[in-house]
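For reference, data26.txt (compact mmCIF, C-alpha atoms):
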```txt
# COMPACT_ATOMS: atom_id res chain seq x y z
CA MET A 1366 14.54 93.13 182.81
CA GLU A 1367 11.95 90.94 184.46
CA ALA A 1368 11.22 93.76 186.91
CA LEU A 1369 10.77 96.28 184.07
CA ARG A 1370 8.57 93.84 182.16
CA ARG A 1371 6.31 93.46 185.18
CA ILE A 1372 6.20 97.20 185.85
CA LEU A 1373 5.10 97.86 182.28
CA ASN A 1374 2.72 94.87 182.28
CA ILE A 1375 3.98 93.46 178.97
CA ASP A 1376 4.29 89.79 178.07
CA ASN A 1377 7.70 89.92 176.39
CA LEU A 1378 10.87 92.01 176.67
CA SER A 1379 14.00 90.50 175.20
CA PRO A 1380 16.94 91.17 172.85
CA LEU A 1381 15.88 91.47 169.22
CA LYS A 1382 18.09 90.72 166.21
CA ASN A 1383 17.51 92.62 162.97
CA LEU A 1384 17.70 91.08 159.52
CA ASP A 1385 21.00 92.89 158.86
CA GLY A 1386 22.63 91.28 161.87
CA THR A 1387 22.43 94.27 164.21
CA SER A 1388 20.47 93.93 167.43
CA LEU A 1389 18.47 95.81 170.02
CA ASP A 1390 19.25 95.46 173.72
CA TYR A 1391 15.63 94.89 174.64
CA ALA A 1392 12.42 95.24 172.66
CA HIS A 1393 8.77 94.46 173.13
CA ARG A 1394 7.01 93.04 170.09
CA THR A 1395 3.27 93.14 169.62
CA CYS A 1396 0.87 91.91 166.96
CA THR A 1397 -0.75 94.29 164.51
CA GLY A 1398 -4.08 94.02 162.75
CA ILE A 1399 -2.37 94.19 159.35
CA ASP A 1400 -1.81 90.42 159.17
CA THR A 1401 -0.51 87.59 161.33
CA ASP A 1402 3.05 87.99 160.04
CA THR A 1403 3.40 91.72 160.70
CA ASP A 1404 4.52 92.78 164.15
CA ALA A 1405 5.28 96.20 165.60
CA VAL A 1406 7.78 97.23 168.26
CA PRO A 1407 6.08 99.83 170.47
CA PHE A 1408 8.83 99.74 173.11
CA ILE A 1409 12.65 99.58 172.97
CA ALA A 1410 15.07 99.81 175.89
CA GLU A 1411 18.84 100.34 176.05
CA ILE A 1412 20.61 99.43 179.28
CA LYS A 1413 24.13 100.42 180.37
CA PRO A 1414 25.87 100.07 183.74
CA GLU A 1415 26.62 103.81 183.66
CA CYS A 1416 26.69 106.80 181.30
CA ALA A 1417 30.25 107.54 180.29
CA GLY A 1418 32.20 108.48 177.18
CA ASN A 1419 30.40 107.65 173.96
CA SER A 1420 28.00 105.14 175.47
CA ASP A 1421 24.99 107.33 176.30
CA PRO A 1422 22.11 104.83 176.04
CA SER A 1423 19.55 107.61 175.41
CA VAL A 1424 21.37 108.28 172.12
CA GLN A 1425 21.97 104.63 171.32
CA VAL A 1426 18.32 103.65 171.79
CA SER A 1427 17.33 106.34 169.27
CA PHE A 1428 19.67 104.86 166.66
CA SER A 1429 18.44 101.37 167.54
CA TYR A 1430 14.87 102.48 166.80
CA GLN A 1431 15.89 103.97 163.46
CA ARG A 1432 17.94 100.93 162.44
CA HIS A 1433 15.14 98.52 163.31
CA LEU A 1434 12.41 100.44 161.48
CA ALA A 1435 14.60 100.65 158.38
CA GLN A 1436 14.54 96.85 157.99
CA SER A 1437 12.49 95.47 155.10
CA GLU A 1438 10.35 93.40 157.48
CA ASN A 1439 8.84 96.68 158.71
CA ASP A 1440 7.85 97.99 155.26
CA ALA A 1441 4.14 97.36 155.84
CA VAL A 1442 3.96 99.18 159.17
CA ARG A 1443 6.21 101.98 157.96
CA GLY A 1444 4.08 102.44 154.85
CA MET A 1445 0.87 102.82 156.85
CA THR A 1446 1.97 104.71 159.97
CA CYS A 1447 4.65 106.93 161.43
CA CYS A 1448 5.64 103.95 163.64
CA PRO A 1449 5.16 105.50 167.09
CA SER A 1450 7.21 103.88 169.83
CA PHE A 1451 8.35 104.53 173.37
CA LEU A 1452 12.07 104.43 174.08
CA LEU A 1453 13.69 103.95 177.46
CA SER A 1454 17.34 104.30 178.41
CA LEU A 1455 18.88 103.25 181.70
CA ALA A 1456 22.41 104.35 182.62
CA GLY A 1457 23.23 103.24 186.14
CA PRO A 1458 20.52 104.78 188.32
CA TRP A 1459 19.39 107.28 185.66
CA ILE A 1460 16.35 106.59 183.51
CA THR A 1461 15.12 108.57 180.47
CA ILE A 1462 11.79 108.01 178.68
CA MET A 1463 11.29 109.22 175.11
CA GLY A 1464 8.77 109.04 172.31
CA ALA A 1465 9.77 108.35 168.70
CA ILE A 1466 8.15 108.50 165.27
CA PHE A 1467 9.47 107.63 161.80
CA ARG A 1468 8.49 110.16 159.11
CA THR A 1469 10.80 111.19 156.29
CA GLN A 1470 13.29 111.35 159.15
CA VAL A 1471 13.26 109.99 162.67
CA ILE A 1472 12.02 112.35 165.39
CA VAL A 1473 12.79 111.50 169.03
CA GLN A 1474 11.68 113.64 171.96
CA LYS A 1475 12.10 113.14 175.68
CA ILE A 1476 8.99 112.77 177.82
CA GLY A 1477 9.30 114.26 181.28
CA PRO A 1478 12.65 115.02 182.97
CA ARG A 1479 15.84 114.56 180.96
CA HIS A 1480 17.08 112.01 183.49
CA GLN A 1481 15.13 110.55 186.41
CA ARG A 1482 17.01 108.88 189.27
CA ILE A 1483 15.30 105.55 189.93
CA GLY A 1484 16.60 105.58 193.50
CA ASP A 1485 13.89 108.16 194.18
CA THR A 1486 11.13 105.54 194.21
CA GLU A 1487 8.09 107.81 194.25
CA ALA A 1488 9.44 110.21 191.60
CA ALA A 1489 10.39 107.31 189.30
CA ALA A 1490 7.09 105.49 189.83
CA HIS A 1491 4.96 108.25 188.31
CA PRO A 1492 6.55 108.33 184.82
CA LEU A 1493 6.85 104.53 184.72
CA TYR A 1494 3.18 104.09 185.56
CA ALA A 1495 2.26 106.68 182.92
CA LEU A 1496 4.41 104.75 180.45
CA ARG A 1497 2.60 101.54 181.38
CA LEU A 1498 -0.79 103.12 180.60
CA ALA A 1499 0.40 104.78 177.40
CA LEU A 1500 2.06 101.58 176.17
CA ALA A 1501 -1.19 99.67 176.66
CA GLU A 1502 -3.01 102.25 174.51
CA LEU A 1503 -0.32 102.11 171.84
CA LYS A 1504 -0.55 98.30 171.67
CA THR A 1505 -4.31 98.55 171.19
CA TRP A 1506 -3.78 101.09 168.41
CA TYR A 1507 -1.37 98.75 166.59
CA ALA A 1508 -3.78 95.82 167.06
CA ASN A 1509 -6.53 97.81 165.33
CA LEU A 1510 -4.46 98.59 162.23
CA ARG A 1511 -5.87 97.18 159.01
CA ARG A 1512 -4.16 96.72 155.66
CA THR A 1513 -5.53 98.97 152.94
CA THR A 1514 -5.01 99.24 149.20
CA ALA A 1515 -5.79 102.96 149.25
CA ALA A 1516 -3.07 105.49 148.59
CA PRO A 1517 -1.23 106.73 151.70
CA ASP A 1518 -3.03 109.51 153.49
CA PRO A 1519 -1.24 112.75 152.53
CA VAL A 1520 -2.09 114.26 155.91
CA ALA A 1521 -0.80 111.30 157.92
CA PHE A 1522 1.74 113.37 159.78
CA PRO A 1523 2.43 113.97 163.48
CA ARG A 1524 0.53 116.92 164.80
CA PRO A 1525 -0.12 118.59 168.18
CA HIS A 1526 -3.22 117.77 170.20
CA PHE A 1527 -4.16 121.47 170.39
CA THR A 1528 -7.11 121.96 168.05
CA SER A 1529 -8.93 125.04 169.34
CA PHE A 1530 -8.40 128.54 170.66
CA PRO A 1531 -10.58 131.15 172.36
CA ILE A 1532 -11.69 134.21 170.40
CA GLU A 1533 -14.25 136.82 171.42
CA GLY A 1534 -15.52 134.65 174.26
CA ALA A 1535 -16.10 131.58 172.10
CA THR A 1536 -14.05 128.52 171.23
CA THR A 1537 -12.88 128.25 167.65
CA LYS A 1538 -11.92 124.77 166.47
CA PHE A 1539 -9.55 123.87 163.66
CA PHE A 1540 -8.02 120.78 162.06
CA TYR A 1541 -4.50 120.34 160.72
CA THR A 1542 -3.97 119.71 157.01
CA ASN A 1543 -0.18 119.50 156.72
CA LEU A 1544 3.20 120.72 157.89
CA ILE A 1545 4.28 123.95 156.26
CA ASN A 1546 7.56 122.27 155.25
CA ASP A 1547 9.26 118.91 155.68
CA GLU A 1548 12.03 119.93 158.08
CA PRO A 1549 12.25 117.54 161.08
CA SER A 1550 12.24 120.46 163.51
CA CYS A 1551 9.27 122.18 161.87
CA ALA A 1552 6.66 123.38 164.38
CA VAL A 1553 4.52 125.31 161.88
CA PHE A 1554 1.34 123.74 160.51
CA LEU A 1555 -1.26 124.46 157.88
CA ALA A 1556 -4.82 124.12 159.16
CA LYS A 1557 -8.43 125.07 158.46
CA LEU A 1558 -11.09 126.51 160.74
CA GLU A 1559 -14.05 124.17 161.17
CA GLU A 1560 -16.61 126.98 161.08
CA ASP A 1561 -15.78 128.37 157.61
CA ASN A 1562 -12.94 126.23 156.22
CA ARG A 1563 -10.68 129.28 156.26
CA GLU A 1564 -6.98 128.46 155.84
CA VAL A 1565 -4.77 129.37 158.78
CA VAL A 1566 -1.20 128.84 159.92
CA VAL A 1567 -0.61 127.42 163.40
CA LYS A 1568 2.82 127.63 164.97
CA PHE A 1569 4.37 126.88 168.35
CA VAL A 1570 7.02 129.28 169.61
CA ASP A 1571 9.22 130.12 172.57
CA THR A 1572 8.83 133.88 172.05
CA TYR A 1573 6.58 135.97 169.83
CA GLY A 1574 6.26 139.66 168.98
CA GLU A 1575 2.49 139.77 169.31
CA GLU A 1576 2.23 143.55 169.57
CA GLY A 1577 4.39 144.06 166.51
CA HIS A 1578 2.37 141.52 164.53
CA ARG A 1579 -0.94 143.16 165.44
CA TRP A 1580 0.45 146.61 164.56
CA MET A 1581 1.46 145.42 161.10
CA ALA A 1582 -1.80 143.52 160.58
CA GLU A 1583 -3.72 146.76 161.27
CA HIS A 1584 -1.78 148.29 158.37
CA GLN A 1585 -2.36 145.20 156.15
CA LEU A 1586 1.36 144.48 156.23
CA ALA A 1587 1.04 141.15 158.06
CA PRO A 1588 -1.60 138.39 158.07
CA ASN A 1589 -4.47 138.79 160.49
CA LEU A 1590 -3.44 137.40 163.89
CA LEU A 1591 -6.31 135.33 165.31
CA TYR A 1592 -4.70 134.10 168.52
CA CYS A 1593 -1.49 134.18 170.54
CA GLY A 1594 -1.44 132.56 173.97
CA LYS A 1595 0.55 130.38 176.34
CA LEU A 1596 0.09 126.62 176.16
CA GLY A 1597 -0.05 126.27 179.94
CA ASP A 1598 1.83 124.32 182.57
CA GLY A 1599 4.32 121.73 181.39
CA TYR A 1600 5.20 123.42 178.07
CA GLU A 1601 8.16 125.50 179.28
CA GLY A 1602 6.51 128.84 178.50
CA ARG A 1603 5.78 128.07 174.85
CA SER A 1604 2.88 129.70 173.03
CA MET A 1605 0.51 128.79 170.22
CA VAL A 1606 0.06 131.34 167.44
CA VAL A 1607 -2.80 131.18 164.91
CA MET A 1608 -2.92 133.53 161.92
CA GLU A 1609 -4.65 133.67 158.57
CA LYS A 1610 -2.67 132.14 155.72
CA VAL A 1611 -1.21 134.68 153.32
CA LYS A 1612 -2.38 134.22 149.75
CA GLY A 1613 0.90 134.87 148.06
CA THR A 1614 4.46 133.75 147.45
CA SER A 1615 7.54 134.33 149.55
CA LEU A 1616 10.55 136.19 148.18
CA PHE A 1617 12.48 132.99 148.77
CA GLU A 1618 10.20 131.06 146.43
CA LEU A 1619 10.46 133.81 143.83
CA TYR A 1620 14.14 134.70 144.02
CA GLY A 1621 15.94 132.44 146.49
CA VAL A 1622 18.08 133.47 149.46
CA SER A 1623 18.96 136.79 147.82
CA ALA A 1624 16.32 139.04 146.26
CA HIS A 1625 18.75 141.16 144.24
CA ASP A 1626 16.84 140.20 141.06
CA ALA A 1627 13.54 141.51 142.43
CA PRO A 1628 12.10 144.65 140.82
CA SER A 1629 12.78 147.89 142.65
CA THR A 1630 9.08 148.19 143.46
CA ILE A 1631 9.32 145.08 145.64
CA GLU A 1632 12.33 146.49 147.49
CA ASP A 1633 10.49 149.79 147.94
CA ALA A 1634 7.47 147.91 149.34
CA VAL A 1635 9.67 146.11 151.88
CA ARG A 1636 11.27 149.41 152.91
CA ARG A 1637 7.85 151.00 153.41
CA ALA A 1638 6.75 148.02 155.50
CA LEU A 1639 9.80 148.38 157.75
CA ASP A 1640 9.17 152.12 158.05
CA THR A 1641 5.63 151.35 159.24
CA LEU A 1642 7.04 148.85 161.73
CA ALA A 1643 9.44 151.51 163.01
CA GLU A 1644 6.56 153.97 163.46
CA GLY A 1645 5.13 151.52 165.97
CA GLY A 1646 8.48 151.29 167.74
CA PHE A 1647 9.23 147.71 166.66
CA ILE A 1648 12.27 145.98 165.11
CA PHE A 1649 12.21 143.02 162.71
CA PRO A 1650 15.51 141.25 163.49
CA ASP A 1651 15.04 138.21 161.24
CA LEU A 1652 14.54 139.83 157.84
CA ARG A 1653 15.11 137.01 155.34
CA THR A 1654 13.42 136.21 152.02
CA PRO A 1655 11.26 133.37 153.49
CA ASN A 1656 9.75 135.93 155.88
CA VAL A 1657 8.58 138.38 153.21
CA MET A 1658 5.43 137.45 151.28
CA VAL A 1659 4.39 139.02 147.98
CA VAL A 1660 0.60 139.11 148.16
CA ASP A 1661 -1.53 137.76 145.31
CA GLU A 1662 -3.92 140.41 144.05
CA ASP A 1663 -6.22 140.42 141.02
CA GLU A 1664 -5.32 142.64 138.07
CA VAL A 1665 -2.02 143.67 139.64
CA THR A 1666 1.38 142.86 138.15
CA VAL A 1667 4.19 141.53 140.32
CA ASP A 1668 5.85 144.95 140.13
CA GLN A 1669 2.82 146.52 141.82
CA ARG A 1670 2.08 143.92 144.48
CA ARG A 1671 2.23 144.72 148.15
CA VAL A 1672 4.16 142.68 150.66
CA GLN A 1673 3.42 141.26 154.09
CA LEU A 1674 5.89 140.24 156.77
CA VAL A 1675 5.60 136.89 158.54
CA ASP A 1676 7.52 135.19 161.36
CA PHE A 1677 7.39 137.68 164.21
CA ASP A 1678 9.12 135.31 166.67
CA TRP A 1679 11.97 137.74 167.41
CA VAL A 1680 10.17 141.02 166.73
CA CYS A 1681 10.54 143.29 169.74
CA THR A 1682 10.09 146.86 170.94
CA GLU A 1683 13.09 149.05 170.31
CA GLY A 1684 15.05 149.91 173.43
CA LYS A 1685 13.55 147.18 175.65
CA GLY A 1686 16.82 145.24 175.91
CA GLU A 1687 15.76 142.17 173.91
CA ARG A 1688 18.62 139.98 172.69
CA TYR A 1689 19.23 137.62 169.82
CA PRO A 1690 18.98 133.95 170.86
CA CYS A 1691 21.96 131.65 170.84
CA GLY A 1692 22.59 129.42 167.86
CA LEU A 1693 22.10 132.00 165.11
CA SER A 1694 22.48 130.69 161.58
CA SER A 1695 25.50 131.73 159.56
CA TYR A 1696 23.18 133.67 157.24
CA VAL A 1697 21.70 135.76 160.06
CA THR A 1698 25.12 136.62 161.48
CA ALA A 1699 26.46 137.53 158.03
CA ALA A 1700 23.39 139.50 156.98
CA SER A 1701 22.79 141.38 160.24
CA GLY A 1702 26.27 141.68 161.74
CA ALA A 1703 24.81 140.34 164.99
CA GLU A 1704 26.23 137.58 167.17
CA ASP A 1705 24.61 135.19 169.65
CA GLY A 1706 23.11 137.03 172.60
CA VAL A 1707 23.74 140.62 171.49
CA LEU A 1708 21.16 143.35 171.98
CA ILE A 1709 18.74 143.62 169.06
CA GLN A 1710 19.09 147.02 167.40
CA ARG A 1711 17.54 148.81 164.47
CA LYS A 1712 20.86 148.66 162.62
CA HIS A 1713 20.61 144.85 162.45
CA GLU A 1714 17.26 145.04 160.66
CA ARG A 1715 18.51 147.68 158.21
CA THR A 1716 21.73 145.78 157.54
CA MET A 1717 19.69 142.69 156.69
CA LEU A 1718 17.53 144.78 154.36
CA GLU A 1719 20.56 145.97 152.39
CA TYR A 1720 22.01 142.44 152.39
CA MET A 1721 18.76 140.96 151.04
CA PHE A 1722 18.69 143.17 147.94
CA ALA A 1723 22.43 143.62 147.39
CA ALA A 1724 23.89 142.33 144.14
CA PRO A 1725 26.32 139.44 144.68
CA GLU A 1726 29.99 140.27 144.59
CA VAL A 1727 31.71 139.26 141.39
```

Conversion result in structure tokens:
Amino acid sequence: MEALRRILNIDNLSPLKNLDGTSLDYAHRTCTGIDTDTDAVPFIAEIKPECAGNSDPSVQVSFSYQRHLAQSENDAVRGMTCCPSFLLSLAGPWITIMGAIFRTQVIVQKIGPRHQRIGDTEAAAHPLYALRLALAELKTWYANLRRTTAAPDPVAFPRPHFTSFPIEGATTKFFYTNLINDEPSCAVFLAKLEEDNREVVVKFVDTYGEEGHRWMAEHQLAPNLLYCGKLGDGYEGRSMVVMEKVKGTSLFELYGVSAHDAPSTIEDAVRRALDTLAEGGFIFPDLRTPNVMVVDEDEVTVDQRRVQLVDFDWVCTEGKGERYPCGLSSYVTAASGAEDGVLIQRKHERTMLEYMFAAPEV
């Protein structure tokens, strides 16, 4: 551990015992600006001779982080921040570096390769040196914390560093206001454009049916799509999508998972929307109540409102050989009749449509 301490240029790295009697293999403690009695732990390490059986240190160090932050001694830091920390696991010659935050739930994400063999000196040196620099910045951030009597910041949530996108030859900037929901895996954010304070939705996706979205937006059956583009090298092909926020309510919020109680005019509006989508040659393979918005309109009753479709992640052109991803939810398989990896077909969309509005079996 002395070698790792010197590599990271930190003044302490030792076992740490929690108030409940549990302990961390190795942790680095640093002072915060909150008060002299409040420390933070910006770095935790778990070391094992090898990775075998149920002793994967990359998993154990994540639980160690969670257990430590849950202790009452960390209430002050946890109440003011999302407790960012770097985690390191070492199993024999394999090293893994991760980042962790503590929100309503703990989120841990690897940084760089899943496992890096430390025998490859040059390859291992790069991420360790980057960790050294990042850890120094994190310590400075903790040192600058100050206790406050103000209410917690409602927008104090982890957010991406992407805050602009190109449009019509100019750069449009935005700022995040919140997550769209509180799921730990949520990668969809509410934001506002700096230029006019317009509300937008920003999401990060592996795939996206951009052409299908733009087709539906032209027919006012989807929110206006402002941007869809790749994030660049190092993001495994992911894209950022920015669209205007729909002023309305989802069928899920109105009726729940099943919309069988919805008026027939709503069902008819959804059918017309899907017919328009089909005219463009596209399929909507994830037709669920959260993905159908009933638009707010003045002097129009709910029976007369129009709908817009959202979540075009899986939307594709019919006949192009696109497949459902693996790991489908039980609802999608039941509603569509599809299984992991099967070709996406029009029948899946239509089956989900009937399933959405079907009366429950008695």

Distance cut-off 12 Å, centre (6.7, 108.8, 167.5) in file coordinates, counting all atoms listed in the file: which residues qualify? Return them as an MDAnalysis selection string. chainID A and resid 1406:1408 1427 1430:1431 1434 1443 1446:1452 1463:1468 1470:1476 1503 1522:1525

Determine, counting all atoms listed in the file, which protein, DNA and RNA residues have an atom within 7 Å of an atom of Glu1609 (chain A); residues of the same chain fewer than 4 positions away are not included. Present the result as number ranges by chain. A: 1564-1566, 1588-1590

Tell me which of A:Ile1412, A:Leu1596, A:Val1424, A:Ala1556 sits closest to Gly1457 (chain A), counting only C-alpha atoms. A:Ile1412

Which neighbours of Met1605 (chain A) fall inside 7 Å, counting all atoms listed in the file, when residues of the same chain fewer than 5 positions from it are skipped, and could you give them as a VMD selection string? chain A and resid 1568 to 1570 1593 to 1596

Point (21.9, 131.8, 158.7), cut-off 12 Å, counting only C-alpha atoms, residues as a PDB file with C-alpha atoms, keeping the file's coordinate frame:
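Just written: part_7.pdb:
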```pdb
ATOM      1  CA  VAL A1622      18.080 133.470 149.460  1.00  0.00           C
ATOM      2  CA  ASP A1651      15.040 138.210 161.240  1.00  0.00           C
ATOM      3  CA  LEU A1652      14.540 139.830 157.840  1.00  0.00           C
ATOM      4  CA  ARG A1653      15.110 137.010 155.340  1.00  0.00           C
ATOM      5  CA  THR A1654      13.420 136.210 152.020  1.00  0.00           C
ATOM      6  CA  PRO A1655      11.260 133.370 153.490  1.00  0.00           C
ATOM      7  CA  GLY A1692      22.590 129.420 167.860  1.00  0.00           C
ATOM      8  CA  LEU A1693      22.100 132.000 165.110  1.00  0.00           C
ATOM      9  CA  SER A1694      22.480 130.690 161.580  1.00  0.00           C
ATOM     10  CA  SER A1695      25.500 131.730 159.560  1.00  0.00           C
ATOM     11  CA  TYR A1696      23.180 133.670 157.240  1.00  0.00           C
ATOM     12  CA  VAL A1697      21.700 135.760 160.060  1.00  0.00           C
ATOM     13  CA  THR A1698      25.120 136.620 161.480  1.00  0.00           C
ATOM     14  CA  ALA A1699      26.460 137.530 158.030  1.00  0.00           C
ATOM     15  CA  ALA A1700      23.390 139.500 156.980  1.00  0.00           C
ATOM     16  CA  SER A1701      22.790 141.380 160.240  1.00  0.00           C
ATOM     17  CA  GLY A1702      26.270 141.680 161.740  1.00  0.00           C
ATOM     18  CA  ALA A1703      24.810 140.340 164.990  1.00  0.00           C
ATOM     19  CA  GLU A1704      26.230 137.580 167.170  1.00  0.00           C
ATOM     20  CA  ASP A1705      24.610 135.190 169.650  1.00  0.00           C
ATOM     21  CA  MET A1717      19.690 142.690 156.690  1.00  0.00           C
TER      22      MET A1717
END
```

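If you look at CA of Leu1498 (chain A) and CA of Arg1371 (chain A), they are 12.8 Å away from each other.
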
Nearest candidate to His1584 (chain A) (options A:Ala1488, A:Ala1535, A:Ile1545, A:Val1672; using all atoms listed in the file):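 So, comparing all the options, the nearest one is A:Val1672.
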
Contact residues around region 1678-1687 of chain A with all atoms listed in the file at 10 Å, ignoring same-chain residues under 6 positions, as a PyMOL selection string: chain A and resi 1569-1578+1606+1642-1643+1645-1652+1706-1711

Atoms to include: C-alpha atoms. Write the selected residues as a tab-separated table (two decimals), keeping the file's coordinate frame.
```tsv
chain	number	residue	atom	x	y	z
A	1569	PHE	CA	4.37	126.88	168.35
A	1570	VAL	CA	7.02	129.28	169.61
A	1571	ASP	CA	9.22	130.12	172.57
A	1572	THR	CA	8.83	133.88	172.05
A	1573	TYR	CA	6.58	135.97	169.83
A	1574	GLY	CA	6.26	139.66	168.98
A	1575	GLU	CA	2.49	139.77	169.31
A	1576	GLU	CA	2.23	143.55	169.57
A	1577	GLY	CA	4.39	144.06	166.51
A	1578	HIS	CA	2.37	141.52	164.53
A	1606	VAL	CA	0.06	131.34	167.44
A	1642	LEU	CA	7.04	148.85	161.73
A	1643	ALA	CA	9.44	151.51	163.01
A	1645	GLY	CA	5.13	151.52	165.97
A	1646	GLY	CA	8.48	151.29	167.74
A	1647	PHE	CA	9.23	147.71	166.66
A	1648	ILE	CA	12.27	145.98	165.11
A	1649	PHE	CA	12.21	143.02	162.71
A	1650	PRO	CA	15.51	141.25	163.49
A	1651	ASP	CA	15.04	138.21	161.24
A	1652	LEU	CA	14.54	139.83	157.84
A	1706	GLY	CA	23.11	137.03	172.60
A	1707	VAL	CA	23.74	140.62	171.49
A	1708	LEU	CA	21.16	143.35	171.98
A	1709	ILE	CA	18.74	143.62	169.06
A	1710	GLN	CA	19.09	147.02	167.40
A	1711	ARG	CA	17.54	148.81	164.47
```

When you draw a straight line from CA of Asp1626 (chain A) to CA of Tyr1720 (chain A), how long is it in Å?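 Going from CA of Asp1626 (chain A) over to CA of Tyr1720 (chain A), I get 12.7 Å.
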
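We find CA of Ser1615 (chain A) and CA of Arg1637 (chain A) to be spaced 17.1 Å apart.
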
Using only C-alpha atoms, which protein or nucleic acid residues come within 8 Å of Ser1529 (chain A)? Drop anything in the same chain fewer than 2 positions from it, and give the result as a PyMOL selection string. chain A and resi 1527+1531+1536-1539

Would you compute, for all listed atoms of region 1462-1468 of chain A, the axis-aligned bounding box grown by 3 Å on each side, and then report its centre and edge lengths in Å rounded to one decimal, as AutoDock Vina command-line options?
```
--center_x 10.0 --center_y 108.9 --center_z 168.9 --size_x 9.6 --size_y 8.5 --size_z 25.6
```

Proximity to Ala1495 (chain A) - best of A:Thr1614, A:Asn1543, A:Asn1374, A:Gln1436, only C-alpha atoms: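 Going through A:Thr1614, A:Asn1543, A:Asn1374, A:Gln1436 one by one, the smallest distance to Ala1495 (chain A) is for A:Asn1374.
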
What's around Ala1723 (chain A) at 8 Å? Count only C-alpha atoms, leave out sequence neighbours fewer than 3 positions away in its own chain, and write the answer as a ChimeraX atom specification. /A:1623-1625,1719-1720

Nearest residue to Asn1562 (chain A) from the set A:Lys1610, A:Arg1394, A:His1526, A:Arg1603 (distances using only C-alpha atoms):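 Comparing A:Lys1610, A:Arg1394, A:His1526, A:Arg1603 against Asn1562 (chain A), the winner is A:Lys1610.
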
Given all atoms listed in the file as the counted atoms, nearest of A:Val1426, A:Leu1493, A:Val1659, A:Met1721 to Gln1673 (chain A):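 Ranking A:Val1426, A:Leu1493, A:Val1659, A:Met1721 by distance to Gln1673 (chain A), first place goes to A:Val1659.
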
So, with all atoms listed in the file as the atoms that count, which of A:Gln1585, A:Asn1509, A:Asn1546, A:Thr1630 lies closest to Asp1400 (chain A)?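 Result for the nearest residue to Asp1400 (chain A): A:Asn1509.
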